[in-house]
>>> print(open('model_35.txt').read())   # compact mmCIF, C-alpha atoms and all ligand atoms
# COMPACT_ATOMS: atom_id res chain seq x y z
CA MET U 277 -66.45 9.19 -6.29
CA ILE U 278 -65.18 12.03 -4.11
CA LYS U 279 -67.44 15.01 -3.64
CA PRO U 280 -65.95 18.02 -5.40
CA ASP U 281 -65.08 21.04 -3.27
CA LEU U 282 -67.27 23.92 -4.41
CA THR U 283 -66.09 26.44 -1.83
CA VAL U 284 -64.52 29.67 -2.95
CA ASN U 285 -63.12 32.68 -1.17
CA PHE U 286 -64.39 35.61 -3.18
CA ALA U 287 -62.72 38.90 -2.29
CA GLY U 288 -62.44 37.77 1.33
CA ILE U 289 -65.98 36.39 1.48
CA ALA U 290 -66.11 32.66 2.25
CA MET U 291 -68.74 31.13 -0.07
CA LYS U 292 -69.89 27.49 0.13
CA ASN U 293 -70.25 27.49 -3.64
CA PRO U 294 -69.53 30.09 -6.35
CA VAL U 295 -73.16 30.89 -7.14
CA THR U 296 -75.11 33.91 -5.98
CA VAL U 297 -77.98 36.04 -7.20
CA ALA U 298 -77.75 39.30 -9.16
CA SER U 299 -78.75 42.49 -7.37
CA GLY U 300 -82.31 43.59 -8.07
CA THR U 301 -83.51 40.19 -9.23
CA PHE U 302 -83.86 38.52 -5.82
CA GLY U 303 -85.45 41.28 -3.76
CA TYR U 304 -84.10 41.25 -0.21
CA GLY U 305 -84.04 37.46 0.04
CA SER U 306 -87.14 36.97 2.18
CA GLU U 307 -89.39 37.20 -0.91
CA TYR U 308 -87.88 33.93 -2.15
CA ALA U 309 -87.70 32.00 1.13
CA ALA U 310 -90.88 30.04 0.33
CA TYR U 311 -89.48 28.75 -2.97
CA LEU U 312 -85.98 27.55 -2.12
CA ASP U 313 -83.61 26.90 0.74
CA LEU U 314 -81.69 30.18 0.79
CA ASN U 315 -78.93 28.58 2.86
CA ARG U 316 -77.83 26.65 -0.21
CA LEU U 317 -76.68 29.82 -1.97
CA GLY U 318 -73.03 30.83 -2.08
CA ALA U 319 -74.05 34.36 -1.09
CA ILE U 320 -77.08 36.62 -1.26
CA VAL U 321 -76.81 39.94 -3.07
CA VAL U 322 -79.71 42.23 -2.27
CA LYS U 323 -81.34 44.90 -4.40
CA GLY U 324 -79.50 48.22 -4.52
CA ILE U 325 -79.83 50.37 -1.39
CA SER U 326 -79.35 54.11 -1.16
CA MET U 327 -79.24 56.17 2.01
CA ASP U 328 -82.73 57.65 1.41
CA PRO U 329 -85.82 55.84 0.04
CA VAL U 330 -86.32 56.06 -3.74
CA MET U 331 -89.67 55.71 -5.55
CA GLY U 332 -88.20 54.62 -8.87
CA ASN U 333 -89.41 55.30 -12.40
CA PRO U 334 -92.97 55.55 -13.79
CA LEU U 335 -94.75 52.33 -14.89
CA PRO U 336 -94.39 50.16 -16.86
CA ARG U 337 -90.92 49.27 -15.64
CA THR U 338 -90.35 45.93 -17.29
CA HIS U 339 -90.80 44.58 -20.78
CA GLU U 340 -90.16 41.07 -22.05
CA THR U 341 -88.25 40.77 -25.31
CA ARG U 342 -87.70 37.65 -27.45
CA SER U 343 -84.42 36.78 -25.75
CA GLY U 344 -84.38 38.69 -22.52
CA MET U 345 -86.03 41.50 -20.65
CA MET U 346 -85.79 45.22 -20.35
CA ASN U 347 -86.20 47.04 -17.07
CA ALA U 348 -86.21 50.61 -15.89
CA ILE U 349 -86.98 50.17 -12.20
CA GLY U 350 -84.96 53.27 -11.39
CA LEU U 351 -83.36 51.73 -8.31
CA GLN U 352 -86.53 51.87 -6.22
CA ASN U 353 -85.64 50.93 -2.66
CA PRO U 354 -86.74 51.56 0.93
CA GLY U 355 -83.53 53.35 1.93
CA TYR U 356 -80.96 52.36 4.53
CA ALA U 357 -83.03 52.74 7.73
CA GLU U 358 -86.04 50.75 6.51
CA PHE U 359 -83.80 48.08 5.00
CA VAL U 360 -82.09 47.66 8.36
CA SER U 361 -85.36 47.51 10.35
CA ASP U 362 -87.48 45.47 7.92
CA TYR U 363 -85.08 43.14 6.13
CA MET U 364 -81.88 42.71 8.16
CA PRO U 365 -83.52 40.68 11.00
CA PHE U 366 -84.49 37.95 8.51
CA LEU U 367 -81.21 38.12 6.58
CA ARG U 368 -79.28 37.70 9.85
CA THR U 369 -80.99 34.35 10.47
CA LEU U 370 -79.41 32.88 7.32
CA ASP U 371 -76.17 30.98 7.15
CA VAL U 372 -75.18 32.75 3.92
CA PRO U 373 -72.87 35.72 3.45
CA LEU U 374 -74.82 38.89 2.69
CA ILE U 375 -73.54 41.24 0.02
CA VAL U 376 -75.29 44.60 -0.04
CA ASN U 377 -75.49 46.44 -3.36
CA VAL U 378 -75.19 50.18 -2.68
CA TRP U 379 -75.47 53.32 -4.76
CA GLY U 380 -75.87 57.09 -4.62
CA ARG U 381 -76.45 60.03 -6.94
CA THR U 382 -73.40 61.93 -5.69
CA ILE U 383 -70.01 60.97 -4.25
CA GLU U 384 -71.25 62.15 -0.84
CA GLN U 385 -74.29 59.86 -1.06
CA TYR U 386 -72.07 56.91 -1.95
CA GLU U 387 -69.81 57.73 0.99
CA ALA U 388 -72.76 57.97 3.39
CA VAL U 389 -74.33 54.64 2.49
CA VAL U 390 -70.99 52.79 2.46
CA ARG U 391 -70.10 54.27 5.86
CA ALA U 392 -73.49 53.27 7.28
CA PHE U 393 -73.13 49.64 6.18
CA ASP U 394 -69.54 49.45 7.36
CA VAL U 395 -70.66 49.42 11.00
CA LEU U 396 -73.76 47.24 10.52
CA ASP U 397 -73.73 43.72 11.91
CA GLY U 398 -74.31 40.87 9.48
CA VAL U 399 -72.90 42.31 6.25
CA ALA U 400 -70.15 40.28 4.56
CA GLY U 401 -69.35 42.69 1.78
CA LEU U 402 -70.52 45.60 -0.35
CA GLU U 403 -71.14 45.74 -4.08
CA LEU U 404 -70.75 49.26 -5.39
CA ASN U 405 -73.23 49.85 -8.19
CA VAL U 406 -71.73 52.49 -10.45
CA SER U 407 -73.38 51.10 -13.52
CA CYS U 408 -77.16 51.51 -13.48
CA PRO U 409 -78.38 52.87 -16.82
CA ASN U 410 -81.87 53.71 -15.53
CA ILE U 411 -81.44 56.77 -13.37
CA LYS U 412 -81.06 60.28 -14.66
CA GLN U 413 -78.22 61.43 -12.41
CA GLY U 414 -75.22 59.47 -11.18
CA GLY U 415 -75.55 55.82 -12.04
CA ASN U 416 -73.95 55.10 -15.33
CA LEU U 417 -71.98 58.34 -15.43
CA PHE U 418 -69.85 57.05 -12.54
CA GLY U 419 -69.43 53.77 -14.38
CA THR U 420 -68.44 55.15 -17.76
CA ASN U 421 -66.28 58.19 -16.99
CA LEU U 422 -62.90 56.94 -15.81
CA ASP U 423 -62.10 59.99 -13.65
CA LEU U 424 -65.47 59.93 -11.87
CA PHE U 425 -65.19 56.16 -11.56
CA ARG U 426 -61.84 56.44 -9.79
CA GLU U 427 -63.21 59.16 -7.56
CA VAL U 428 -66.23 57.14 -6.42
CA VAL U 429 -64.32 53.89 -5.87
CA ASP U 430 -61.61 55.74 -3.99
CA ALA U 431 -64.19 57.57 -1.84
CA ALA U 432 -66.06 54.34 -1.06
CA ARG U 433 -62.84 52.50 -0.25
CA LYS U 434 -61.97 55.08 2.39
CA GLN U 435 -65.31 54.52 4.15
CA THR U 436 -65.16 50.78 4.74
CA GLN U 437 -63.08 47.84 5.91
CA LEU U 438 -65.58 45.43 4.34
CA PRO U 439 -64.76 43.59 1.12
CA LEU U 440 -65.59 46.05 -1.67
CA ILE U 441 -66.80 44.64 -4.98
CA VAL U 442 -67.14 47.15 -7.80
CA LYS U 443 -69.88 46.41 -10.33
CA LEU U 444 -68.74 47.45 -13.79
CA SER U 445 -70.78 48.88 -16.62
CA PRO U 446 -70.58 47.10 -19.98
CA ASN U 447 -71.09 50.45 -21.74
CA VAL U 448 -67.43 51.38 -22.11
CA ALA U 449 -64.95 51.11 -24.95
CA ASP U 450 -62.28 49.39 -22.86
CA ILE U 451 -63.44 47.34 -19.87
CA THR U 452 -59.85 46.64 -18.81
CA ALA U 453 -59.25 50.34 -18.06
CA PHE U 454 -62.12 50.29 -15.54
CA ALA U 455 -61.15 46.91 -14.11
CA LYS U 456 -57.59 48.10 -13.52
CA ALA U 457 -58.75 51.44 -12.11
CA ALA U 458 -60.99 49.66 -9.58
CA GLU U 459 -58.12 47.41 -8.58
CA SER U 460 -55.71 50.32 -8.16
CA CYS U 461 -58.25 52.18 -6.00
CA GLY U 462 -58.36 49.23 -3.62
CA ALA U 463 -61.39 47.22 -4.76
CA ASP U 464 -61.29 43.63 -3.46
CA GLY U 465 -63.29 42.24 -6.38
CA LEU U 466 -65.20 43.10 -9.53
CA SER U 467 -68.62 42.09 -10.74
CA LEU U 468 -69.94 42.43 -14.27
CA ILE U 469 -71.99 42.98 -16.30
CA ASN U 470 -74.86 45.32 -15.54
CA THR U 471 -77.59 45.72 -18.14
CA LEU U 472 -77.11 47.17 -21.64
CA PRO U 473 -79.10 50.31 -22.61
CA ALA U 474 -82.05 49.41 -24.82
CA LEU U 475 -85.23 50.82 -26.33
CA ALA U 476 -88.53 49.16 -27.29
CA ILE U 477 -91.29 51.02 -29.13
CA ASP U 478 -95.05 50.46 -29.10
CA VAL U 479 -95.68 50.65 -32.84
CA GLU U 480 -99.36 51.59 -32.43
CA THR U 481 -98.59 54.74 -30.47
CA GLY U 482 -95.05 55.34 -31.68
CA ARG U 483 -94.02 55.75 -28.05
CA PRO U 484 -91.52 53.87 -25.87
CA ILE U 485 -93.02 50.88 -24.07
CA LEU U 486 -91.21 51.58 -20.79
CA GLY U 487 -92.38 54.48 -18.64
CA ASN U 488 -88.81 55.76 -18.47
CA GLY U 489 -88.36 55.66 -22.25
CA THR U 490 -85.20 53.57 -22.36
CA GLY U 491 -84.26 50.67 -20.08
CA GLY U 492 -81.56 48.09 -19.42
CA LEU U 493 -81.48 44.81 -21.33
CA SER U 494 -80.70 41.61 -19.40
CA GLY U 495 -81.12 37.87 -19.86
CA PRO U 496 -79.93 35.42 -22.56
CA ALA U 497 -79.53 38.19 -25.16
CA ILE U 498 -76.59 39.71 -23.28
CA HIS U 499 -74.84 36.50 -22.24
CA PRO U 500 -72.15 36.24 -24.95
CA VAL U 501 -71.38 39.94 -24.54
CA ALA U 502 -70.95 39.36 -20.80
CA VAL U 503 -68.66 36.35 -21.30
CA LYS U 504 -66.36 38.39 -23.52
CA LEU U 505 -66.21 41.30 -21.07
CA VAL U 506 -65.64 39.02 -18.06
CA TRP U 507 -62.83 37.28 -19.95
CA GLU U 508 -61.17 40.63 -20.73
CA ALA U 509 -61.63 41.99 -17.21
CA ALA U 510 -60.43 38.82 -15.48
CA LYS U 511 -57.18 38.63 -17.39
CA SER U 512 -56.38 42.29 -16.75
CA VAL U 513 -56.48 42.21 -12.92
CA SER U 514 -55.45 39.97 -10.05
CA ILE U 515 -58.54 40.61 -7.89
CA PRO U 516 -61.39 38.09 -8.31
CA VAL U 517 -64.22 38.64 -10.75
CA MET U 518 -67.90 37.71 -10.46
CA GLY U 519 -69.54 36.98 -13.81
CA MET U 520 -73.18 37.66 -14.58
CA GLY U 521 -75.39 38.25 -17.58
CA GLY U 522 -77.95 35.83 -18.95
CA ILE U 523 -77.16 32.76 -16.87
CA ASP U 524 -80.00 30.33 -17.45
CA GLU U 525 -78.33 26.93 -17.82
CA VAL U 526 -75.31 25.48 -16.05
CA ASN U 527 -73.14 25.87 -19.14
CA ASP U 528 -73.73 29.64 -19.06
CA ALA U 529 -72.24 29.73 -15.55
CA LEU U 530 -69.38 27.39 -16.51
CA GLU U 531 -68.41 29.66 -19.39
CA PHE U 532 -67.92 32.52 -16.92
CA LEU U 533 -65.80 30.33 -14.61
CA ILE U 534 -63.70 29.02 -17.50
CA VAL U 535 -62.90 32.52 -18.78
CA GLY U 536 -61.74 33.53 -15.32
CA ALA U 537 -64.65 34.40 -13.02
CA SER U 538 -64.35 32.95 -9.51
CA ALA U 539 -68.06 33.39 -8.80
CA VAL U 540 -71.25 33.87 -10.82
CA ALA U 541 -74.62 35.51 -10.25
CA VAL U 542 -78.00 34.47 -11.61
CA GLY U 543 -80.34 37.34 -12.46
CA THR U 544 -83.25 37.54 -14.90
CA ALA U 545 -83.71 33.73 -15.07
CA THR U 546 -84.93 33.85 -11.46
CA PHE U 547 -88.12 35.62 -12.56
CA ARG U 548 -89.13 32.63 -14.69
CA ASP U 549 -87.88 29.96 -12.28
CA PRO U 550 -86.91 31.07 -8.76
CA ARG U 551 -84.97 27.84 -8.34
CA THR U 552 -82.61 28.48 -11.27
CA VAL U 553 -79.81 29.30 -8.86
CA LEU U 554 -80.06 25.80 -7.29
CA ARG U 555 -80.04 24.18 -10.74
CA ILE U 556 -76.81 26.03 -11.48
CA ILE U 557 -75.16 24.96 -8.19
CA ASP U 558 -76.12 21.30 -8.76
CA GLY U 559 -75.05 21.52 -12.39
CA ILE U 560 -71.59 22.83 -11.50
CA GLU U 561 -71.16 20.00 -9.01
CA ALA U 562 -72.25 17.41 -11.59
CA TYR U 563 -69.87 18.90 -14.18
CA MET U 564 -66.95 18.70 -11.75
CA GLN U 565 -67.82 15.12 -10.91
CA ARG U 566 -68.03 14.20 -14.58
CA HIS U 567 -64.60 15.73 -15.21
CA GLU U 568 -63.18 14.41 -11.93
CA TYR U 569 -62.26 17.91 -10.78
CA ALA U 570 -61.68 18.04 -7.03
CA SER U 571 -61.78 21.82 -6.68
CA LEU U 572 -62.96 24.90 -8.54
CA SER U 573 -59.38 25.98 -9.19
CA GLU U 574 -59.33 23.25 -11.83
CA VAL U 575 -62.09 25.10 -13.69
CA ILE U 576 -61.55 28.82 -13.06
CA GLY U 577 -59.55 30.63 -15.73
CA THR U 578 -58.68 27.51 -17.70
CA VAL U 579 -59.83 28.91 -21.04
CA ASP U 580 -57.71 27.99 -24.04
CA MET U 581 -58.27 30.66 -26.68
CA ASN U 582 -56.25 28.81 -29.33
CA ARG U 583 -58.43 27.32 -32.03
C1 LIG O 601 -85.34 44.05 -12.58
C2 LIG O 601 -83.88 44.26 -12.43
C3 LIG O 601 -83.41 45.07 -11.38
C4 LIG O 601 -82.04 45.28 -11.21
N1 LIG O 601 -81.60 46.06 -10.17
C5 LIG O 601 -80.25 46.20 -9.96
C6 LIG O 601 -79.77 46.91 -8.81
O1 LIG O 601 -80.54 47.38 -7.96
N2 LIG O 601 -78.42 47.07 -8.67
C7 LIG O 601 -77.54 46.53 -9.58
O2 LIG O 601 -76.32 46.68 -9.41
N3 LIG O 601 -77.97 45.81 -10.65
C8 LIG O 601 -79.29 45.64 -10.86
N4 LIG O 601 -79.73 44.89 -11.93
C9 LIG O 601 -78.76 44.26 -12.85
C10 LIG O 601 -78.51 42.79 -12.49
O3 LIG O 601 -77.97 42.67 -11.19
C11 LIG O 601 -77.55 42.11 -13.50
O4 LIG O 601 -76.33 42.80 -13.50
C12 LIG O 601 -78.10 42.07 -14.92
O5 LIG O 601 -79.51 41.88 -14.93
C13 LIG O 601 -77.45 41.00 -15.79
O6 LIG O 601 -77.72 39.69 -15.32
P1 LIG O 601 -78.93 38.78 -15.89
O7 LIG O 601 -78.86 38.85 -17.38
O8 LIG O 601 -78.68 37.39 -15.35
O9 LIG O 601 -80.18 39.37 -15.36
C14 LIG O 601 -81.11 44.67 -12.12
C15 LIG O 601 -81.59 43.86 -13.15
C16 LIG O 601 -82.95 43.64 -13.32
C17 LIG O 601 -83.41 42.74 -14.42
>>> encode(input="model_35.txt", output="structure tokens", more="lines below")
Ligand SMILES: Cc1cc2nc3c(=O)[nH]c(=O)nc-3n(C[C@H](O)[C@H](O)[C@H](O)COP(=O)(O)O)c2cc1C
Amino acid sequence: MIKPDLTVNFAGIAMKNPVTVASGTFGYGSEYAAYLDLNRLGAIVVKGISMDPVMGNPLPRTHETRSGMMNAIGLQNPGYAEFVSDYMPFLRTLDVPLIVNVWGRTIEQYEAVVRAFDVLDGVAGLELNVSCPNIKQGGNLFGTNLDLFREVVDAARKQTQLPLIVKLSPNVADITAFAKAAESCGADGLSLINTLPALAIDVETGRPILGNGTGGLSGPAIHPVAVKLVWEAAKSVSIPVMGMGGIDEVNDALEFLIVGASAVAVGTATFRDPRTVLRIIDGIEAYMQRHEYASLSEVIGTVDMNR
């Protein structure tokens, strides 16, 4: 049997397969090098970087729920300079495109970090995080207010020649409005979904479990929500879409591809099994073999909504 072709060009980034990792769930790559061959990944997406270092939110920052997890990390990161000195040397040794997730609290901060990465060697593309629910300023506001959203995407676009992927918030009434706005501002691709706002209470104290109060819900609980939003977003634009949200088994990833995503990212499942991403790659290949599909184009966007 012929070996199926798993390669995909996502927003100008040549990937050997459509599977990557979700920002914030795979550190800066080196943390996972002992557990799996990183060169097998379609791309590596690193945890969100801002221009200056950020301490993040008070502990505890994570909480396991019955069907997922909540986190309120607060975008803790070492900042641009330390990322470049401490993590880029290792990342440059890999034969995998590097996508850097970037964010700021103001338009100017977004511009500064995008501009800085634009001239850095070894970066294949940027993912603009406008959708984090866990920081007090910026974050989700940029992702849920259409005017601010346009402003930040437009500002970022002007600062870089690199492929620009805009990460959408699920917390909007009409995802297609944001997908189309990103496309019209010059985004090369979209990724979705980020976490959903959530609250867990310690019933003995009557207080929130997370140090930040509320947090973002991820994992299997959000998967069907993500599939619906990816389906809507993908059919409303002609730029490629990366689907994420609760991928644990290969069928979760296939659902995203079938509703129109050209790539997928594995997030929370990595915490339980760091090799999940490899299972998903192998599973997609086995699925294509079973169906005698030669290329991913025979899978992507083939959904038939008639029942
Ligand atoms: C602990 C944790 C940290 C995260 N940090 C980031 C981040 O820095 N930037 C970002 O865009 N998304 C971040 N996310 C969101 C994930 O990239 C992803 O969109 C979300 O978790 C849904 O995928 P999943 O259900 O497979 O985890 C984070 C998620 C988790 C669980």
>>> closest_residue(input="model_35.txt", among="U:Pro365, U:Gly380, U:Gly536, U:Pro484", to="ligand LIG 601 (chain O)", atoms="only C-alpha atoms and all ligand atoms")
U:Gly380
>>> residues_near_ligand(input="model_35.txt", ligand="ligand LIG 601 (chain O)", cutoff="7 Å", atoms="all atoms listed in the file", output="PyMOL selection string")
chain U and resi 298-301+323-324+345-347+349+351+377+405+407-408+443+468-471+494-496+498-499+520-523+541-545
>>> closest_residue(input="model_35.txt", among="U:Ala449, U:Val540, U:Ala510, U:Ala474", to="U:His339", atoms="all atoms listed in the file")
U:Ala474
>>> atom_distance(input="model_35.txt", atom1="atom CA of U:Val378", atom2="atom CA of U:Val297")
15.1 Å
>>> closest_residue(input="model_35.txt", among="U:Glu307, U:Glu525, U:Asp558, U:Asp450", to="U:Phe366", atoms="all atoms listed in the file")
U:Glu307
>>> atom_distance(input="model_35.txt", atom1="atom CA of U:Leu417", atom2="atom CA of U:Gln385")
14.6 Å
>>> closest_residue(input="model_35.txt", among="U:Asp362, U:Glu508, U:Glu403, U:Glu531", to="U:Val376", atoms="only C-alpha atoms")
U:Glu403
>>> atom_distance(input="model_35.txt", atom1="atom CA of U:Ser361", atom2="atom CA of U:Tyr304")
12.3 Å
>>> residues_around(input="model_35.txt", residues="U:Asp328", least_positions_apart="3", cutoff="12 Å", atoms="all atoms listed in the file", output="JSON, numbers by chain")
{"U": [324, 325, 331, 351, 352, 353, 354, 355, 356, 357, 358, 359, 378, 379, 380, 381, 385, 386, 388, 389, 392]}
>>> residues_around(input="model_35.txt", residues="U:Val399", least_positions_apart="5", cutoff="12 Å", atoms="all atoms listed in the file", output="PyMOL selection string")
chain U and resi 289+319-322+360+364-365+367-368+370-377+390+392-394+436-440
>>> write_last_selection(input="model_35.txt", atoms="C-alpha atoms", output="short mmCIF file (atom, residue, chain, number, x, y, z; two decimals), in the frame of the given file")
data_model
loop_
_atom_site.label_atom_id
_atom_site.label_comp_id
_atom_site.auth_asym_id
_atom_site.auth_seq_id
_atom_site.Cartn_x
_atom_site.Cartn_y
_atom_site.Cartn_z
CA ILE U 289 -65.98 36.39 1.48
CA ALA U 319 -74.05 34.36 -1.09
CA ILE U 320 -77.08 36.62 -1.26
CA VAL U 321 -76.81 39.94 -3.07
CA VAL U 322 -79.71 42.23 -2.27
CA VAL U 360 -82.09 47.66 8.36
CA MET U 364 -81.88 42.71 8.16
CA PRO U 365 -83.52 40.68 11.00
CA LEU U 367 -81.21 38.12 6.58
CA ARG U 368 -79.28 37.70 9.85
CA LEU U 370 -79.41 32.88 7.32
CA ASP U 371 -76.17 30.98 7.15
CA VAL U 372 -75.18 32.75 3.92
CA PRO U 373 -72.87 35.72 3.45
CA LEU U 374 -74.82 38.89 2.69
CA ILE U 375 -73.54 41.24 0.02
CA VAL U 376 -75.29 44.60 -0.04
CA ASN U 377 -75.49 46.44 -3.36
CA VAL U 390 -70.99 52.79 2.46
CA ALA U 392 -73.49 53.27 7.28
CA PHE U 393 -73.13 49.64 6.18
CA ASP U 394 -69.54 49.45 7.36
CA THR U 436 -65.16 50.78 4.74
CA GLN U 437 -63.08 47.84 5.91
CA LEU U 438 -65.58 45.43 4.34
CA PRO U 439 -64.76 43.59 1.12
CA LEU U 440 -65.59 46.05 -1.67
#
>>> closest_residue(input="model_35.txt", among="U:Lys434, U:Leu530, U:Gly401, U:Lys511", to="U:Thr452", atoms="all atoms listed in the file")
U:Lys511
>>> closest_residue(input="model_35.txt", among="U:Met277, U:Val535, U:Val284, U:Met291", to="U:Met564", atoms="only C-alpha atoms")
U:Met277
>>> residues_around(input="model_35.txt", residues="U:Pro294", least_positions_apart="3", cutoff="10 Å", atoms="only C-alpha atoms", output="ChimeraX atom specification")
/U:282-286,290-291,317-319,518,529,533,537-541,556-557,560,572
>>> write_last_selection(input="model_35.txt", atoms="C-alpha atoms", output="PDB file, in the frame of the given file")
ATOM      1  CA  LEU U 282     -67.270  23.920  -4.410  1.00  0.00           C
ATOM      2  CA  THR U 283     -66.090  26.440  -1.830  1.00  0.00           C
ATOM      3  CA  VAL U 284     -64.520  29.670  -2.950  1.00  0.00           C
ATOM      4  CA  ASN U 285     -63.120  32.680  -1.170  1.00  0.00           C
ATOM      5  CA  PHE U 286     -64.390  35.610  -3.180  1.00  0.00           C
ATOM      6  CA  ALA U 290     -66.110  32.660   2.250  1.00  0.00           C
ATOM      7  CA  MET U 291     -68.740  31.130  -0.070  1.00  0.00           C
ATOM      8  CA  LEU U 317     -76.680  29.820  -1.970  1.00  0.00           C
ATOM      9  CA  GLY U 318     -73.030  30.830  -2.080  1.00  0.00           C
ATOM     10  CA  ALA U 319     -74.050  34.360  -1.090  1.00  0.00           C
ATOM     11  CA  MET U 518     -67.900  37.710 -10.460  1.00  0.00           C
ATOM     12  CA  ALA U 529     -72.240  29.730 -15.550  1.00  0.00           C
ATOM     13  CA  LEU U 533     -65.800  30.330 -14.610  1.00  0.00           C
ATOM     14  CA  ALA U 537     -64.650  34.400 -13.020  1.00  0.00           C
ATOM     15  CA  SER U 538     -64.350  32.950  -9.510  1.00  0.00           C
ATOM     16  CA  ALA U 539     -68.060  33.390  -8.800  1.00  0.00           C
ATOM     17  CA  VAL U 540     -71.250  33.870 -10.820  1.00  0.00           C
ATOM     18  CA  ALA U 541     -74.620  35.510 -10.250  1.00  0.00           C
ATOM     19  CA  ILE U 556     -76.810  26.030 -11.480  1.00  0.00           C
ATOM     20  CA  ILE U 557     -75.160  24.960  -8.190  1.00  0.00           C
ATOM     21  CA  ILE U 560     -71.590  22.830 -11.500  1.00  0.00           C
ATOM     22  CA  LEU U 572     -62.960  24.900  -8.540  1.00  0.00           C
TER      23      LEU U 572
END
>>> residues_near_point(input="model_35.txt", point="(-54.7, 47.7, -7.5)", cutoff="12 Å", atoms="all atoms listed in the file", output="list in words")
Arg426, Val429, Asp430, Arg433, Ala453, Phe454, Ala455, Lys456, Ala457, Ala458, Glu459, Ser460, Cys461, Gly462, Ala463, Asp464, Gly465, Leu466, Ser512, Val513, Ser514, Ile515 and Pro516 of chain U
>>> build_atoms(input="model_35.txt", residues="stretch 481-486 of chain U", atoms="all heavy atoms", output="short mmCIF file (atom, residue, chain, number, x, y, z; two decimals), keeping the file's coordinate frame")
data_model
loop_
_atom_site.label_atom_id
_atom_site.label_comp_id
_atom_site.auth_asym_id
_atom_site.auth_seq_id
_atom_site.Cartn_x
_atom_site.Cartn_y
_atom_site.Cartn_z
N THR U 481 -98.61 53.35 -30.96
CA THR U 481 -98.59 54.74 -30.47
C THR U 481 -97.34 55.48 -30.91
O THR U 481 -97.27 56.71 -30.82
CB THR U 481 -98.62 54.78 -28.92
OG1 THR U 481 -97.43 54.13 -28.44
CG2 THR U 481 -99.84 54.06 -28.37
N GLY U 482 -96.32 54.72 -31.33
CA GLY U 482 -95.05 55.34 -31.68
C GLY U 482 -94.25 55.78 -30.47
O GLY U 482 -93.27 56.50 -30.59
N ARG U 483 -94.70 55.33 -29.29
CA ARG U 483 -94.02 55.75 -28.05
C ARG U 483 -93.22 54.60 -27.44
O ARG U 483 -93.54 53.43 -27.67
CB ARG U 483 -95.06 56.19 -27.02
CG ARG U 483 -95.81 57.41 -27.43
CD ARG U 483 -96.43 58.04 -26.20
NE ARG U 483 -97.07 59.29 -26.56
CZ ARG U 483 -98.37 59.51 -26.46
NH1 ARG U 483 -99.17 58.59 -25.97
NH2 ARG U 483 -98.87 60.67 -26.81
N PRO U 484 -92.25 54.94 -26.57
CA PRO U 484 -91.52 53.87 -25.87
C PRO U 484 -92.46 53.04 -25.01
O PRO U 484 -93.44 53.57 -24.46
CB PRO U 484 -90.53 54.63 -24.99
CG PRO U 484 -90.42 55.98 -25.57
CD PRO U 484 -91.75 56.27 -26.23
N ILE U 485 -92.19 51.75 -24.90
CA ILE U 485 -93.02 50.88 -24.07
C ILE U 485 -92.78 51.15 -22.58
O ILE U 485 -93.72 51.20 -21.79
CB ILE U 485 -92.75 49.39 -24.41
CG1 ILE U 485 -93.32 49.09 -25.82
CG2 ILE U 485 -93.35 48.46 -23.36
CD1 ILE U 485 -93.04 47.71 -26.34
N LEU U 486 -91.52 51.36 -22.21
CA LEU U 486 -91.21 51.58 -20.79
C LEU U 486 -91.53 53.02 -20.38
O LEU U 486 -91.32 53.97 -21.16
CB LEU U 486 -89.74 51.30 -20.51
CG LEU U 486 -89.29 49.83 -20.62
CD1 LEU U 486 -87.78 49.71 -20.44
CD2 LEU U 486 -90.01 48.96 -19.58
#
